[in-house]
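Presented below is the structure to which this report refers.
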Amino acid sequence: MKPRITIREVAKEAGVSIGTASRALNRAGRVSEKAIADVTRAARRLGYEPDAIARSMRTRSSGVIGLLVSDLANPLYARIITSIESALQAAGYALLLASTHNDGKREKAMIDLFRARRVDGLVLGPCETETPKYLEQLRSELPVVALDRDFGPSASGVHVDHYNGAVQATRYLLNLGHTRVALLTPGSVLRPGRERIAGFQEAFREHNLTPVPKLIRGERSAMDFAFSEALSLLSSPEAPTAFLCLGTRILSGVLQALRHTGRSVPDDVSVISIGDTDLSQLFSPSITSLTWDLEVVGTVAAQLLLKQLDREAVAEPERILITTQLVLRESCGPVKRAAASA
């Protein structure tokens, strides 16, 4: 096994003292630009790799950030995670990633594990048992940013405007004559699901209508229930003429149920995806989607955390709201008269 190059050898190669080499590599203390350049070149020539454990003991920083999301298989998270990682990497941080499976006990266990690994900060996505008080407790120990979950006035976080997005999408379907609209969304307790349901109901109120309660399905295990739920709804005497559903496995389940019952999109049933994914774009006909900038969500979350990690700056609490837009494609059409009166 090749012996590890030490900072002593780097200092000798660069013709400087060990202290100067250390300051140059860590960009800390008084050190000339020439010394930094000489030490950097020497380290590169020798293949020097700093000891992360020793460095973390000196700086009291692990250089690692923990990120928890509910489901790593959710394609809507993939682009957010990539953006967070890119922004943190540019600032010299690595990302430690885990999934909670929307389980409060697992979330706490993973947070405890992250803290044991001495992460410098946390970005926390939605989970079934989330309270602003819990985030406040964590913030007393390390920087925390909330990602589309509830947080108190002294914390920082990023929210997607799911409420107004749901109003916009539901209003569009109602204007097409659809009054039996099914909403399938993960967890009515979680902020995203709760806000979608409220926006959905508000759009009906605008039209002096009342949504059919049984057509609003907010389930904790939403990723697994979509096909059976959609099939059940489509088999009822008052089947929905439109679906508004999260563009993950829920959308896949709804489309599968429509095919299973011999219905076509948009001739028989209109469909809107909450969140734009490859399935929404590549399905034929392409799916009208309520979308938001996932890259911006991730970048802003990382920036909020980096502000808290900057020891020279005073990080004020910030609440960033990301707007949504409806991308019109081919999956929606006017409700059939026979279906409307059935």
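The way I read the labels, and the way they are meant: chains A, B, ... in the order of the structure tokens, residue 1 as the first residue of every chain, and ligand 1 as the first ligand shown, with later ones counted on from there.
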
What parts of region 60-290 of chain A does DSSP call helix (DSSP H, G or I)? I'd like the answer as number ranges by chain.
A: 75-90, 104-116, 132-139, 162-175, 191-206, 213-215, 222-234, 249-260, 278-282

Any chance you could export the current selection's C-alpha atoms as an mmCIF file, in the first residue's frame?
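This went into again-v2.cif:
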```
data_model
loop_
_atom_site.group_PDB
_atom_site.id
_atom_site.type_symbol
_atom_site.label_atom_id
_atom_site.label_comp_id
_atom_site.auth_asym_id
_atom_site.auth_seq_id
_atom_site.Cartn_x
_atom_site.Cartn_y
_atom_site.Cartn_z
ATOM 1 C CA PRO A 75 -38.217 12.021 -9.376
ATOM 2 C CA LEU A 76 -39.229 15.471 -8.142
ATOM 3 C CA TYR A 77 -36.525 15.221 -5.471
ATOM 4 C CA ALA A 78 -33.752 14.172 -7.868
ATOM 5 C CA ARG A 79 -33.241 17.627 -9.392
ATOM 6 C CA ILE A 80 -33.566 19.339 -6.000
ATOM 7 C CA ILE A 81 -30.919 17.054 -4.511
ATOM 8 C CA THR A 82 -28.582 17.614 -7.469
ATOM 9 C CA SER A 83 -28.890 21.404 -7.092
ATOM 10 C CA ILE A 84 -28.280 21.278 -3.345
ATOM 11 C CA GLU A 85 -25.215 19.095 -3.859
ATOM 12 C CA SER A 86 -23.790 21.381 -6.566
ATOM 13 C CA ALA A 87 -24.208 24.528 -4.467
ATOM 14 C CA LEU A 88 -22.691 22.902 -1.374
ATOM 15 C CA GLN A 89 -19.823 21.341 -3.308
ATOM 16 C CA ALA A 90 -18.920 24.731 -4.750
ATOM 17 C CA GLY A 104 -41.244 10.237 12.071
ATOM 18 C CA LYS A 105 -39.297 7.653 14.059
ATOM 19 C CA ARG A 106 -36.966 6.993 11.138
ATOM 20 C CA GLU A 107 -36.463 10.724 10.654
ATOM 21 C CA LYS A 108 -35.355 11.147 14.251
ATOM 22 C CA ALA A 109 -33.073 8.100 14.003
ATOM 23 C CA MET A 110 -31.435 9.453 10.838
ATOM 24 C CA ILE A 111 -31.000 12.905 12.364
ATOM 25 C CA ASP A 112 -29.335 11.314 15.400
ATOM 26 C CA LEU A 113 -27.058 9.390 13.035
ATOM 27 C CA PHE A 114 -26.160 12.555 11.143
ATOM 28 C CA ARG A 115 -25.383 14.358 14.369
ATOM 29 C CA ALA A 116 -23.196 11.448 15.483
ATOM 30 C CA PRO A 132 -41.734 23.906 14.228
ATOM 31 C CA LYS A 133 -40.757 23.214 17.852
ATOM 32 C CA TYR A 134 -38.639 20.233 16.815
ATOM 33 C CA LEU A 135 -36.735 22.363 14.305
ATOM 34 C CA GLU A 136 -36.158 24.985 16.992
ATOM 35 C CA GLN A 137 -34.623 22.320 19.240
ATOM 36 C CA LEU A 138 -32.316 21.204 16.451
ATOM 37 C CA ARG A 139 -31.346 24.796 15.619
ATOM 38 C CA HIS A 162 -48.717 24.537 -3.500
ATOM 39 C CA TYR A 163 -51.865 26.402 -2.429
ATOM 40 C CA ASN A 164 -52.035 28.819 -5.352
ATOM 41 C CA GLY A 165 -50.775 26.137 -7.701
ATOM 42 C CA ALA A 166 -53.695 23.886 -6.743
ATOM 43 C CA VAL A 167 -56.120 26.807 -7.132
ATOM 44 C CA GLN A 168 -54.787 27.455 -10.647
ATOM 45 C CA ALA A 169 -54.902 23.811 -11.766
ATOM 46 C CA THR A 170 -58.353 23.141 -10.275
ATOM 47 C CA ARG A 171 -59.749 26.371 -11.713
ATOM 48 C CA TYR A 172 -58.563 25.286 -15.154
ATOM 49 C CA LEU A 173 -60.438 21.968 -14.882
ATOM 50 C CA LEU A 174 -63.581 23.655 -13.539
ATOM 51 C CA ASN A 175 -63.530 26.111 -16.460
ATOM 52 C CA ARG A 191 -47.656 20.821 4.353
ATOM 53 C CA PRO A 192 -47.596 20.143 0.567
ATOM 54 C CA GLY A 193 -50.665 17.877 0.719
ATOM 55 C CA ARG A 194 -52.470 20.138 3.175
ATOM 56 C CA GLU A 195 -51.888 23.213 0.995
ATOM 57 C CA ARG A 196 -52.973 21.405 -2.175
ATOM 58 C CA ILE A 197 -56.243 20.307 -0.576
ATOM 59 C CA ALA A 198 -56.936 23.842 0.677
ATOM 60 C CA GLY A 199 -56.223 25.340 -2.762
ATOM 61 C CA PHE A 200 -58.379 22.692 -4.431
ATOM 62 C CA GLN A 201 -61.310 23.539 -2.156
ATOM 63 C CA GLU A 202 -60.805 27.282 -2.662
ATOM 64 C CA ALA A 203 -61.114 26.939 -6.454
ATOM 65 C CA PHE A 204 -64.456 25.177 -5.977
ATOM 66 C CA ARG A 205 -65.637 27.965 -3.664
ATOM 67 C CA GLU A 206 -64.751 30.524 -6.354
ATOM 68 C CA PRO A 213 -65.376 14.709 -0.376
ATOM 69 C CA LYS A 214 -64.694 11.116 -1.426
ATOM 70 C CA LEU A 215 -62.727 12.372 -4.447
ATOM 71 C CA ALA A 222 -49.701 7.711 -1.366
ATOM 72 C CA MET A 223 -46.917 6.276 -3.492
ATOM 73 C CA ASP A 224 -48.436 2.795 -3.188
ATOM 74 C CA PHE A 225 -52.166 3.429 -3.170
ATOM 75 C CA ALA A 226 -52.722 5.264 -6.478
ATOM 76 C CA PHE A 227 -53.724 2.406 -8.785
ATOM 77 C CA SER A 228 -56.226 0.821 -6.378
ATOM 78 C CA GLU A 229 -57.657 4.197 -5.344
ATOM 79 C CA ALA A 230 -58.052 5.398 -8.926
ATOM 80 C CA LEU A 231 -59.590 2.064 -9.941
ATOM 81 C CA SER A 232 -62.060 2.296 -7.065
ATOM 82 C CA LEU A 233 -63.035 5.851 -7.996
ATOM 83 C CA LEU A 234 -63.458 4.987 -11.662
ATOM 84 C CA ARG A 249 -45.960 6.816 -9.042
ATOM 85 C CA ILE A 250 -49.359 8.352 -8.310
ATOM 86 C CA LEU A 251 -49.643 9.617 -11.887
ATOM 87 C CA SER A 252 -48.426 6.252 -13.140
ATOM 88 C CA GLY A 253 -51.085 4.482 -11.060
ATOM 89 C CA VAL A 254 -53.855 6.756 -12.328
ATOM 90 C CA LEU A 255 -52.856 6.259 -15.972
ATOM 91 C CA GLN A 256 -52.709 2.506 -15.397
ATOM 92 C CA ALA A 257 -56.222 2.534 -13.879
ATOM 93 C CA LEU A 258 -57.571 4.568 -16.809
ATOM 94 C CA ARG A 259 -56.124 2.062 -19.266
ATOM 95 C CA HIS A 260 -57.477 -0.829 -17.191
ATOM 96 C CA ASP A 278 -40.358 12.571 -17.710
ATOM 97 C CA LEU A 279 -43.605 10.596 -17.540
ATOM 98 C CA SER A 280 -45.650 13.793 -17.897
ATOM 99 C CA GLN A 281 -43.662 14.916 -20.913
ATOM 100 C CA LEU A 282 -43.207 11.600 -22.724
#
```

Just asking: which residues within region 172-222 of chain A are strand (DSSP E or B) according to DSSP, as a count of residues only?
10

Which residues of region 86-164 of chain A come within 12 Å of region 292-310 of chain A, and what is each one's closest atom pair and distance in Å (one decimal), counting only C-alpha atoms, sorted by chain and residue number, as JSON lines?
```
{"residue": "A:Ser86", "atom": "CA", "partner": "A:Thr299", "partner_atom": "CA", "distance": 8.1}
{"residue": "A:Ala87", "atom": "CA", "partner": "A:Thr299", "partner_atom": "CA", "distance": 6.1}
{"residue": "A:Leu88", "atom": "CA", "partner": "A:Ala302", "partner_atom": "CA", "distance": 6.3}
{"residue": "A:Gln89", "atom": "CA", "partner": "A:Ala302", "partner_atom": "CA", "distance": 10.0}
{"residue": "A:Ala90", "atom": "CA", "partner": "A:Ala302", "partner_atom": "CA", "distance": 10.6}
{"residue": "A:Ala91", "atom": "CA", "partner": "A:Leu306", "partner_atom": "CA", "distance": 8.1}
{"residue": "A:Gly92", "atom": "CA", "partner": "A:Leu306", "partner_atom": "CA", "distance": 10.5}
{"residue": "A:Tyr93", "atom": "CA", "partner": "A:Leu306", "partner_atom": "CA", "distance": 9.6}
{"residue": "A:Ala94", "atom": "CA", "partner": "A:Ala302", "partner_atom": "CA", "distance": 11.7}
{"residue": "A:Leu95", "atom": "CA", "partner": "A:Ala302", "partner_atom": "CA", "distance": 10.6}
{"residue": "A:Val119", "atom": "CA", "partner": "A:Leu309", "partner_atom": "CA", "distance": 11.5}
{"residue": "A:Asp120", "atom": "CA", "partner": "A:Leu309", "partner_atom": "CA", "distance": 7.7}
{"residue": "A:Gly121", "atom": "CA", "partner": "A:Leu305", "partner_atom": "CA", "distance": 7.2}
{"residue": "A:Leu122", "atom": "CA", "partner": "A:Leu305", "partner_atom": "CA", "distance": 7.9}
{"residue": "A:Val123", "atom": "CA", "partner": "A:Ala301", "partner_atom": "CA", "distance": 7.4}
{"residue": "A:Leu124", "atom": "CA", "partner": "A:Ala301", "partner_atom": "CA", "distance": 9.8}
{"residue": "A:Gly125", "atom": "CA", "partner": "A:Ala301", "partner_atom": "CA", "distance": 10.5}
{"residue": "A:Arg139", "atom": "CA", "partner": "A:Gln308", "partner_atom": "CA", "distance": 10.3}
{"residue": "A:Leu142", "atom": "CA", "partner": "A:Leu309", "partner_atom": "CA", "distance": 8.9}
{"residue": "A:Pro143", "atom": "CA", "partner": "A:Gln308", "partner_atom": "CA", "distance": 6.0}
{"residue": "A:Val144", "atom": "CA", "partner": "A:Leu305", "partner_atom": "CA", "distance": 6.8}
{"residue": "A:Val145", "atom": "CA", "partner": "A:Leu305", "partner_atom": "CA", "distance": 6.1}
{"residue": "A:Ala146", "atom": "CA", "partner": "A:Ala301", "partner_atom": "CA", "distance": 7.9}
{"residue": "A:Leu147", "atom": "CA", "partner": "A:Ala301", "partner_atom": "CA", "distance": 6.9}
{"residue": "A:Asp148", "atom": "CA", "partner": "A:Val297", "partner_atom": "CA", "distance": 9.2}
{"residue": "A:Ala155", "atom": "CA", "partner": "A:Leu304", "partner_atom": "CA", "distance": 10.2}
{"residue": "A:Ser156", "atom": "CA", "partner": "A:Leu304", "partner_atom": "CA", "distance": 7.0}
{"residue": "A:Gly157", "atom": "CA", "partner": "A:Ala301", "partner_atom": "CA", "distance": 6.8}
{"residue": "A:Val158", "atom": "CA", "partner": "A:Ala301", "partner_atom": "CA", "distance": 6.2}
{"residue": "A:His159", "atom": "CA", "partner": "A:Val297", "partner_atom": "CA", "distance": 8.2}
{"residue": "A:Val160", "atom": "CA", "partner": "A:Trp292", "partner_atom": "CA", "distance": 7.7}
{"residue": "A:Asp161", "atom": "CA", "partner": "A:Trp292", "partner_atom": "CA", "distance": 8.8}
{"residue": "A:His162", "atom": "CA", "partner": "A:Trp292", "partner_atom": "CA", "distance": 9.6}
{"residue": "A:Asn164", "atom": "CA", "partner": "A:Trp292", "partner_atom": "CA", "distance": 11.8}
```

Just N, CA and C atoms for this one: save the residues we selected as a JSON list (two decimals), in the first residue's frame.
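Here's the written file selection_7.json:
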```json
[["chain", "number", "residue", "atom", "x", "y", "z"],
["A", 86, "SER", "N", -24.66, 20.51, -5.77],
["A", 86, "SER", "CA", -23.79, 21.38, -6.57],
["A", 86, "SER", "C", -23.44, 22.66, -5.82],
["A", 87, "ALA", "N", -24.45, 23.28, -5.20],
["A", 87, "ALA", "CA", -24.21, 24.53, -4.47],
["A", 87, "ALA", "C", -23.30, 24.30, -3.25],
["A", 88, "LEU", "N", -23.52, 23.20, -2.55],
["A", 88, "LEU", "CA", -22.69, 22.90, -1.37],
["A", 88, "LEU", "C", -21.27, 22.52, -1.77],
["A", 89, "GLN", "N", -21.15, 21.75, -2.85],
["A", 89, "GLN", "CA", -19.82, 21.34, -3.31],
["A", 89, "GLN", "C", -18.99, 22.55, -3.71],
["A", 90, "ALA", "N", -19.63, 23.52, -4.35],
["A", 90, "ALA", "CA", -18.92, 24.73, -4.75],
["A", 90, "ALA", "C", -18.39, 25.49, -3.54],
["A", 91, "ALA", "N", -19.06, 25.31, -2.39],
["A", 91, "ALA", "CA", -18.63, 25.98, -1.15],
["A", 91, "ALA", "C", -17.72, 25.09, -0.31],
["A", 92, "GLY", "N", -17.38, 23.90, -0.83],
["A", 92, "GLY", "CA", -16.44, 23.02, -0.12],
["A", 92, "GLY", "C", -17.09, 22.01, 0.79],
["A", 93, "TYR", "N", -18.39, 21.78, 0.65],
["A", 93, "TYR", "CA", -19.09, 20.83, 1.51],
["A", 93, "TYR", "C", -19.51, 19.58, 0.73],
["A", 94, "ALA", "N", -19.53, 18.46, 1.42],
["A", 94, "ALA", "CA", -20.05, 17.21, 0.86],
["A", 94, "ALA", "C", -21.45, 16.99, 1.40],
["A", 95, "LEU", "N", -22.23, 16.15, 0.71],
["A", 95, "LEU", "CA", -23.63, 15.92, 1.09],
["A", 95, "LEU", "C", -23.83, 14.48, 1.55],
["A", 119, "VAL", "N", -22.27, 16.27, 11.33],
["A", 119, "VAL", "CA", -22.57, 17.11, 10.18],
["A", 119, "VAL", "C", -22.60, 18.57, 10.62],
["A", 120, "ASP", "N", -22.28, 19.47, 9.69],
["A", 120, "ASP", "CA", -22.24, 20.90, 10.02],
["A", 120, "ASP", "C", -23.62, 21.55, 9.96],
["A", 121, "GLY", "N", -24.57, 20.91, 9.28],
["A", 121, "GLY", "CA", -25.91, 21.46, 9.16],
["A", 121, "GLY", "C", -26.86, 20.44, 8.56],
["A", 122, "LEU", "N", -28.16, 20.77, 8.59],
["A", 122, "LEU", "CA", -29.19, 19.86, 8.10],
["A", 122, "LEU", "C", -30.17, 20.59, 7.18],
["A", 123, "VAL", "N", -30.59, 19.88, 6.13],
["A", 123, "VAL", "CA", -31.72, 20.31, 5.31],
["A", 123, "VAL", "C", -32.77, 19.22, 5.44],
["A", 124, "LEU", "N", -33.96, 19.58, 5.92],
["A", 124, "LEU", "CA", -34.99, 18.59, 6.24],
["A", 124, "LEU", "C", -36.23, 18.79, 5.39],
["A", 125, "GLY", "N", -36.60, 17.74, 4.63],
["A", 125, "GLY", "CA", -37.82, 17.76, 3.83],
["A", 125, "GLY", "C", -39.02, 17.36, 4.66],
["A", 139, "ARG", "N", -32.09, 23.57, 15.93],
["A", 139, "ARG", "CA", -31.35, 24.80, 15.62],
["A", 139, "ARG", "C", -30.50, 25.27, 16.78],
["A", 142, "LEU", "N", -27.27, 23.10, 15.78],
["A", 142, "LEU", "CA", -26.61, 23.26, 14.49],
["A", 142, "LEU", "C", -27.56, 23.93, 13.50],
["A", 143, "PRO", "N", -27.04, 24.51, 12.41],
["A", 143, "PRO", "CA", -27.89, 25.17, 11.44],
["A", 143, "PRO", "C", -28.86, 24.18, 10.77],
["A", 144, "VAL", "N", -30.10, 24.61, 10.59],
["A", 144, "VAL", "CA", -31.13, 23.77, 9.97],
["A", 144, "VAL", "C", -31.93, 24.62, 8.99],
["A", 145, "VAL", "N", -32.23, 24.03, 7.82],
["A", 145, "VAL", "CA", -33.10, 24.67, 6.84],
["A", 145, "VAL", "C", -34.25, 23.73, 6.55],
["A", 146, "ALA", "N", -35.47, 24.25, 6.56],
["A", 146, "ALA", "CA", -36.67, 23.46, 6.26],
["A", 146, "ALA", "C", -36.93, 23.48, 4.77],
["A", 147, "LEU", "N", -37.17, 22.31, 4.20],
["A", 147, "LEU", "CA", -37.45, 22.18, 2.78],
["A", 147, "LEU", "C", -38.91, 21.76, 2.60],
["A", 148, "ASP", "N", -39.76, 22.72, 2.28],
["A", 148, "ASP", "CA", -41.19, 22.47, 2.06],
["A", 148, "ASP", "C", -41.87, 21.79, 3.25],
["A", 155, "ALA", "N", -36.79, 30.39, 12.24],
["A", 155, "ALA", "CA", -36.06, 29.46, 11.38],
["A", 155, "ALA", "C", -36.10, 29.93, 9.93],
["A", 156, "SER", "N", -35.32, 29.26, 9.08],
["A", 156, "SER", "CA", -35.28, 29.58, 7.66],
["A", 156, "SER", "C", -35.73, 28.36, 6.86],
["A", 157, "GLY", "N", -36.36, 28.63, 5.71],
["A", 157, "GLY", "CA", -36.80, 27.51, 4.90],
["A", 157, "GLY", "C", -37.32, 27.94, 3.54],
["A", 158, "VAL", "N", -37.58, 26.94, 2.70],
["A", 158, "VAL", "CA", -38.09, 27.14, 1.35],
["A", 158, "VAL", "C", -39.44, 26.45, 1.23],
["A", 159, "HIS", "N", -40.42, 27.19, 0.75],
["A", 159, "HIS", "CA", -41.74, 26.63, 0.51],
["A", 159, "HIS", "C", -42.11, 26.77, -0.96],
["A", 160, "VAL", "N", -42.72, 25.74, -1.52],
["A", 160, "VAL", "CA", -43.34, 25.84, -2.84],
["A", 160, "VAL", "C", -44.79, 26.29, -2.62],
["A", 161, "ASP", "N", -45.27, 27.17, -3.49],
["A", 161, "ASP", "CA", -46.62, 27.71, -3.32],
["A", 161, "ASP", "C", -47.66, 26.69, -3.83],
["A", 162, "HIS", "N", -47.79, 25.59, -3.10],
["A", 162, "HIS", "CA", -48.72, 24.54, -3.50],
["A", 162, "HIS", "C", -50.18, 25.01, -3.47],
["A", 164, "ASN", "N", -51.62, 28.10, -4.15],
["A", 164, "ASN", "CA", -52.04, 28.82, -5.35],
["A", 164, "ASN", "C", -51.87, 27.97, -6.61]]
```

Selected residue of minimal separation from Ser140 (chain A) among A:Ser154, A:Cys127, A:Pro211, A:Ser236, counting only C-alpha atoms
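Smallest distance to Ser140 (chain A) is found for A:Ser154.
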
Which residues are near Glu130 (chain A)? Cut-off 9 Å, only C-alpha atoms, ignore same chain within fewer than 6 positions. Put them as a list in words.
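Counting only the stated atoms, we get Gly104, Arg149, Asp150, Phe151 and Leu190 of chain A.
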
Would you mind telling me which residue in A:His178, A:Arg117, A:Ala315, A:Ile287 lies nearest to His207 (chain A) when using only C-alpha atoms?
A:His178
